[in-house]
>>> print(open('protein33.pdb').read())   # PDB, C-alpha atoms
ATOM      1  CA  MET G 199      28.157  13.208 -23.815  1.00  0.00           C
ATOM      2  CA  THR G 200      30.920  10.726 -24.513  1.00  0.00           C
ATOM      3  CA  PRO G 201      33.223  11.199 -27.449  1.00  0.00           C
ATOM      4  CA  PRO G 202      32.530   8.845 -30.378  1.00  0.00           C
ATOM      5  CA  ASN G 203      35.818   6.959 -29.978  1.00  0.00           C
ATOM      6  CA  GLU G 204      35.141   5.830 -26.350  1.00  0.00           C
ATOM      7  CA  VAL G 205      33.285   2.631 -25.567  1.00  0.00           C
ATOM      8  CA  ILE G 206      30.755   2.625 -22.741  1.00  0.00           C
ATOM      9  CA  THR G 207      30.831  -0.544 -20.676  1.00  0.00           C
ATOM     10  CA  ALA G 208      28.471  -1.728 -17.985  1.00  0.00           C
ATOM     11  CA  PRO G 209      29.836  -2.371 -14.505  1.00  0.00           C
ATOM     12  CA  VAL G 210      30.697  -5.995 -13.828  1.00  0.00           C
ATOM     13  CA  LEU G 211      29.439  -7.548 -10.600  1.00  0.00           C
ATOM     14  CA  THR G 212      32.263  -9.406  -8.991  1.00  0.00           C
ATOM     15  CA  GLY G 213      33.146 -10.597  -5.549  1.00  0.00           C
ATOM     16  CA  LYS G 214      31.222 -11.942  -2.603  1.00  0.00           C
ATOM     17  CA  ARG G 215      28.135  -9.756  -2.974  1.00  0.00           C
ATOM     18  CA  ALA G 216      27.303 -10.942  -6.476  1.00  0.00           C
ATOM     19  CA  ARG G 217      27.426 -14.619  -5.468  1.00  0.00           C
ATOM     20  CA  HIS G 218      25.439 -13.966  -2.299  1.00  0.00           C
ATOM     21  CA  GLY G 219      22.802 -12.048  -4.243  1.00  0.00           C
ATOM     22  CA  ARG G 220      22.218 -14.880  -6.709  1.00  0.00           C
ATOM     23  CA  SER G 221      21.797 -17.545  -4.057  1.00  0.00           C
ATOM     24  CA  ALA G 222      19.529 -15.283  -1.998  1.00  0.00           C
ATOM     25  CA  THR G 223      17.400 -14.654  -5.075  1.00  0.00           C
ATOM     26  CA  VAL G 224      17.002 -18.357  -5.846  1.00  0.00           C
ATOM     27  CA  ILE G 225      16.244 -19.274  -2.229  1.00  0.00           C
ATOM     28  CA  GLY G 226      13.867 -16.316  -1.933  1.00  0.00           C
ATOM     29  CA  ALA G 227      11.985 -17.256  -5.099  1.00  0.00           C
ATOM     30  CA  ALA G 228      11.658 -20.901  -4.057  1.00  0.00           C
ATOM     31  CA  SER G 229      10.460 -20.044  -0.563  1.00  0.00           C
ATOM     32  CA  ALA G 230       8.017 -17.429  -1.901  1.00  0.00           C
ATOM     33  CA  LEU G 231       6.545 -20.014  -4.255  1.00  0.00           C
ATOM     34  CA  LEU G 232       6.174 -22.510  -1.411  1.00  0.00           C
ATOM     35  CA  PHE G 233       4.503 -19.953   0.858  1.00  0.00           C
ATOM     36  CA  PHE G 234       2.123 -18.925  -1.935  1.00  0.00           C
ATOM     37  CA  ILE G 235       1.104 -22.482  -2.819  1.00  0.00           C
ATOM     38  CA  GLY G 236       0.819 -23.363   0.877  1.00  0.00           C
ATOM     39  CA  GLY G 237      -1.396 -20.341   1.444  1.00  0.00           C
ATOM     40  CA  LEU G 238      -3.679 -21.307  -1.412  1.00  0.00           C
ATOM     41  CA  PHE G 239      -3.883 -24.816   0.007  1.00  0.00           C
ATOM     42  CA  LEU G 240      -4.782 -23.492   3.467  1.00  0.00           C
ATOM     43  CA  MET G 241      -7.473 -21.217   2.062  1.00  0.00           C
ATOM     44  CA  GLY G 242      -8.927 -24.139   0.148  1.00  0.00           C
ATOM     45  CA  GLN G 243      -8.914 -26.423   3.190  1.00  0.00           C
ATOM     46  CA  ALA G 244     -10.507 -23.835   5.490  1.00  0.00           C
ATOM     47  CA  SER G 245     -14.010 -25.154   4.874  1.00  0.00           C
ATOM     48  CA  ALA G 246     -12.943 -28.647   5.978  1.00  0.00           C
ATOM     49  CA  ALA G 247     -11.550 -27.411   9.314  1.00  0.00           C
ATOM     50  CA  THR G 248     -14.712 -27.572  11.406  1.00  0.00           C
ATOM     51  CA  GLY G 249     -14.777 -24.932  14.111  1.00  0.00           C
ATOM     52  CA  SER G 250     -11.615 -23.119  13.034  1.00  0.00           C
ATOM     53  CA  GLU G 251     -12.446 -22.089   9.466  1.00  0.00           C
ATOM     54  CA  PHE G 252     -11.628 -18.451  10.126  1.00  0.00           C
ATOM     55  CA  TRP G 253      -8.174 -19.166  11.581  1.00  0.00           C
ATOM     56  CA  VAL G 254      -7.157 -21.554   8.809  1.00  0.00           C
ATOM     57  CA  PHE G 255      -8.315 -19.104   6.148  1.00  0.00           C
ATOM     58  CA  LEU G 256      -6.486 -16.266   7.920  1.00  0.00           C
ATOM     59  CA  ALA G 257      -3.317 -18.372   8.021  1.00  0.00           C
ATOM     60  CA  GLY G 258      -3.667 -18.893   4.257  1.00  0.00           C
ATOM     61  CA  ILE G 259      -4.031 -15.177   3.624  1.00  0.00           C
ATOM     62  CA  LEU G 260      -1.025 -14.393   5.833  1.00  0.00           C
ATOM     63  CA  SER G 261       1.033 -17.050   4.070  1.00  0.00           C
ATOM     64  CA  CYS G 262       0.201 -15.628   0.640  1.00  0.00           C
ATOM     65  CA  SER G 263       0.949 -12.116   1.890  1.00  0.00           C
ATOM     66  CA  PHE G 264       4.324 -13.254   3.208  1.00  0.00           C
ATOM     67  CA  ALA G 265       5.018 -14.844  -0.178  1.00  0.00           C
ATOM     68  CA  PHE G 266       4.727 -11.403  -1.776  1.00  0.00           C
ATOM     69  CA  PHE G 267       6.738  -9.776   1.019  1.00  0.00           C
ATOM     70  CA  ILE G 268       9.799 -11.976   0.397  1.00  0.00           C
ATOM     71  CA  PRO G 269      10.723 -10.812  -3.123  1.00  0.00           C
ATOM     72  CA  LEU G 270       9.424  -7.260  -2.720  1.00  0.00           C
ATOM     73  CA  GLU G 271      11.014  -6.336   0.617  1.00  0.00           C
ATOM     74  CA  ALA G 272      12.997  -9.079   2.350  1.00  0.00           C
ATOM     75  CA  LEU G 273      15.494  -9.644  -0.477  1.00  0.00           C
ATOM     76  CA  ARG G 274      16.568  -6.001  -0.205  1.00  0.00           C
ATOM     77  CA  TRP G 275      18.173  -6.875   3.127  1.00  0.00           C
ATOM     78  CA  PHE G 276      20.549  -9.260   1.326  1.00  0.00           C
ATOM     79  CA  ASP G 277      21.136  -7.092  -1.743  1.00  0.00           C
ATOM     80  CA  GLY G 278      21.911  -3.976   0.254  1.00  0.00           C
ATOM     81  CA  ASP G 279      19.683  -1.722  -1.845  1.00  0.00           C
TER
END
>>> encode(input="protein33.pdb", output="structure tokens")
Amino acid sequence: MTPPNEVITAPVLTGKRARHGRSATVIGAASALLFFIGGLFLMGQASAATGSEFWVFLAGILSCSFAFFIPLEALRWFDGD
């Protein structure tokens, strides 16, 4: 327990890692949104792709899955966590 006269401060993120983490987060969020919307579009257009409905729908599902993979796993590579 800290004595009552000491102030507890949070660590301040400084340096190259903090700037890199912010830009990676913004780029990751934008690309995840694009992959998700693109996947929904592909799944919707699967019925119009005569003869290859399954493959277009599968591409849509994979695109949406990758959209969830980016913020949940891939951004850890840049953050170092």
>>> resolve_selection(input="protein33.pdb", expression="the PyMOL selection byres ((chain G and resi 236-246) around 12)", output="PDB file with C-alpha atoms, in the coordinates of the input")
ATOM      1  CA  SER G 229      10.460 -20.044  -0.563  1.00  0.00           C
ATOM      2  CA  ALA G 230       8.017 -17.429  -1.901  1.00  0.00           C
ATOM      3  CA  LEU G 231       6.545 -20.014  -4.255  1.00  0.00           C
ATOM      4  CA  LEU G 232       6.174 -22.510  -1.411  1.00  0.00           C
ATOM      5  CA  PHE G 233       4.503 -19.953   0.858  1.00  0.00           C
ATOM      6  CA  PHE G 234       2.123 -18.925  -1.935  1.00  0.00           C
ATOM      7  CA  ILE G 235       1.104 -22.482  -2.819  1.00  0.00           C
ATOM      8  CA  ALA G 247     -11.550 -27.411   9.314  1.00  0.00           C
ATOM      9  CA  THR G 248     -14.712 -27.572  11.406  1.00  0.00           C
ATOM     10  CA  GLY G 249     -14.777 -24.932  14.111  1.00  0.00           C
ATOM     11  CA  SER G 250     -11.615 -23.119  13.034  1.00  0.00           C
ATOM     12  CA  GLU G 251     -12.446 -22.089   9.466  1.00  0.00           C
ATOM     13  CA  PHE G 252     -11.628 -18.451  10.126  1.00  0.00           C
ATOM     14  CA  TRP G 253      -8.174 -19.166  11.581  1.00  0.00           C
ATOM     15  CA  VAL G 254      -7.157 -21.554   8.809  1.00  0.00           C
ATOM     16  CA  PHE G 255      -8.315 -19.104   6.148  1.00  0.00           C
ATOM     17  CA  LEU G 256      -6.486 -16.266   7.920  1.00  0.00           C
ATOM     18  CA  ALA G 257      -3.317 -18.372   8.021  1.00  0.00           C
ATOM     19  CA  GLY G 258      -3.667 -18.893   4.257  1.00  0.00           C
ATOM     20  CA  ILE G 259      -4.031 -15.177   3.624  1.00  0.00           C
ATOM     21  CA  LEU G 260      -1.025 -14.393   5.833  1.00  0.00           C
ATOM     22  CA  SER G 261       1.033 -17.050   4.070  1.00  0.00           C
ATOM     23  CA  CYS G 262       0.201 -15.628   0.640  1.00  0.00           C
ATOM     24  CA  SER G 263       0.949 -12.116   1.890  1.00  0.00           C
ATOM     25  CA  PHE G 264       4.324 -13.254   3.208  1.00  0.00           C
ATOM     26  CA  ALA G 265       5.018 -14.844  -0.178  1.00  0.00           C
ATOM     27  CA  PHE G 266       4.727 -11.403  -1.776  1.00  0.00           C
TER      28      PHE G 266
END
>>> axis_aligned_box(input="protein33.pdb", around="stretch 238-250 of chain G", padding_each_side="3 Å", output="AutoDock Vina command-line options")
--center_x -9.2 --center_y -24.9 --center_z 6.3 --size_x 17.1 --size_y 13.4 --size_z 21.5
>>> residues_near_point(input="protein33.pdb", point="(17.1, -12.7, -1.1)", cutoff="7 Å", atoms="only C-alpha atoms", output="list in words")
Gly219, Ala222, Thr223, Ile225, Gly226, Pro269, Ala272, Leu273, Arg274, Phe276 and Asp277 of chain G
>>> write_last_selection(input="protein33.pdb", atoms="C-alpha atoms", output="mmCIF file, keeping the file's coordinate frame")
data_model
loop_
_atom_site.group_PDB
_atom_site.id
_atom_site.type_symbol
_atom_site.label_atom_id
_atom_site.label_comp_id
_atom_site.auth_asym_id
_atom_site.auth_seq_id
_atom_site.Cartn_x
_atom_site.Cartn_y
_atom_site.Cartn_z
ATOM 1 C CA GLY G 219 22.802 -12.048 -4.243
ATOM 2 C CA ALA G 222 19.529 -15.283 -1.998
ATOM 3 C CA THR G 223 17.400 -14.654 -5.075
ATOM 4 C CA ILE G 225 16.244 -19.274 -2.229
ATOM 5 C CA GLY G 226 13.867 -16.316 -1.933
ATOM 6 C CA PRO G 269 10.723 -10.812 -3.123
ATOM 7 C CA ALA G 272 12.997 -9.079 2.350
ATOM 8 C CA LEU G 273 15.494 -9.644 -0.477
ATOM 9 C CA ARG G 274 16.568 -6.001 -0.205
ATOM 10 C CA PHE G 276 20.549 -9.260 1.326
ATOM 11 C CA ASP G 277 21.136 -7.092 -1.743
#
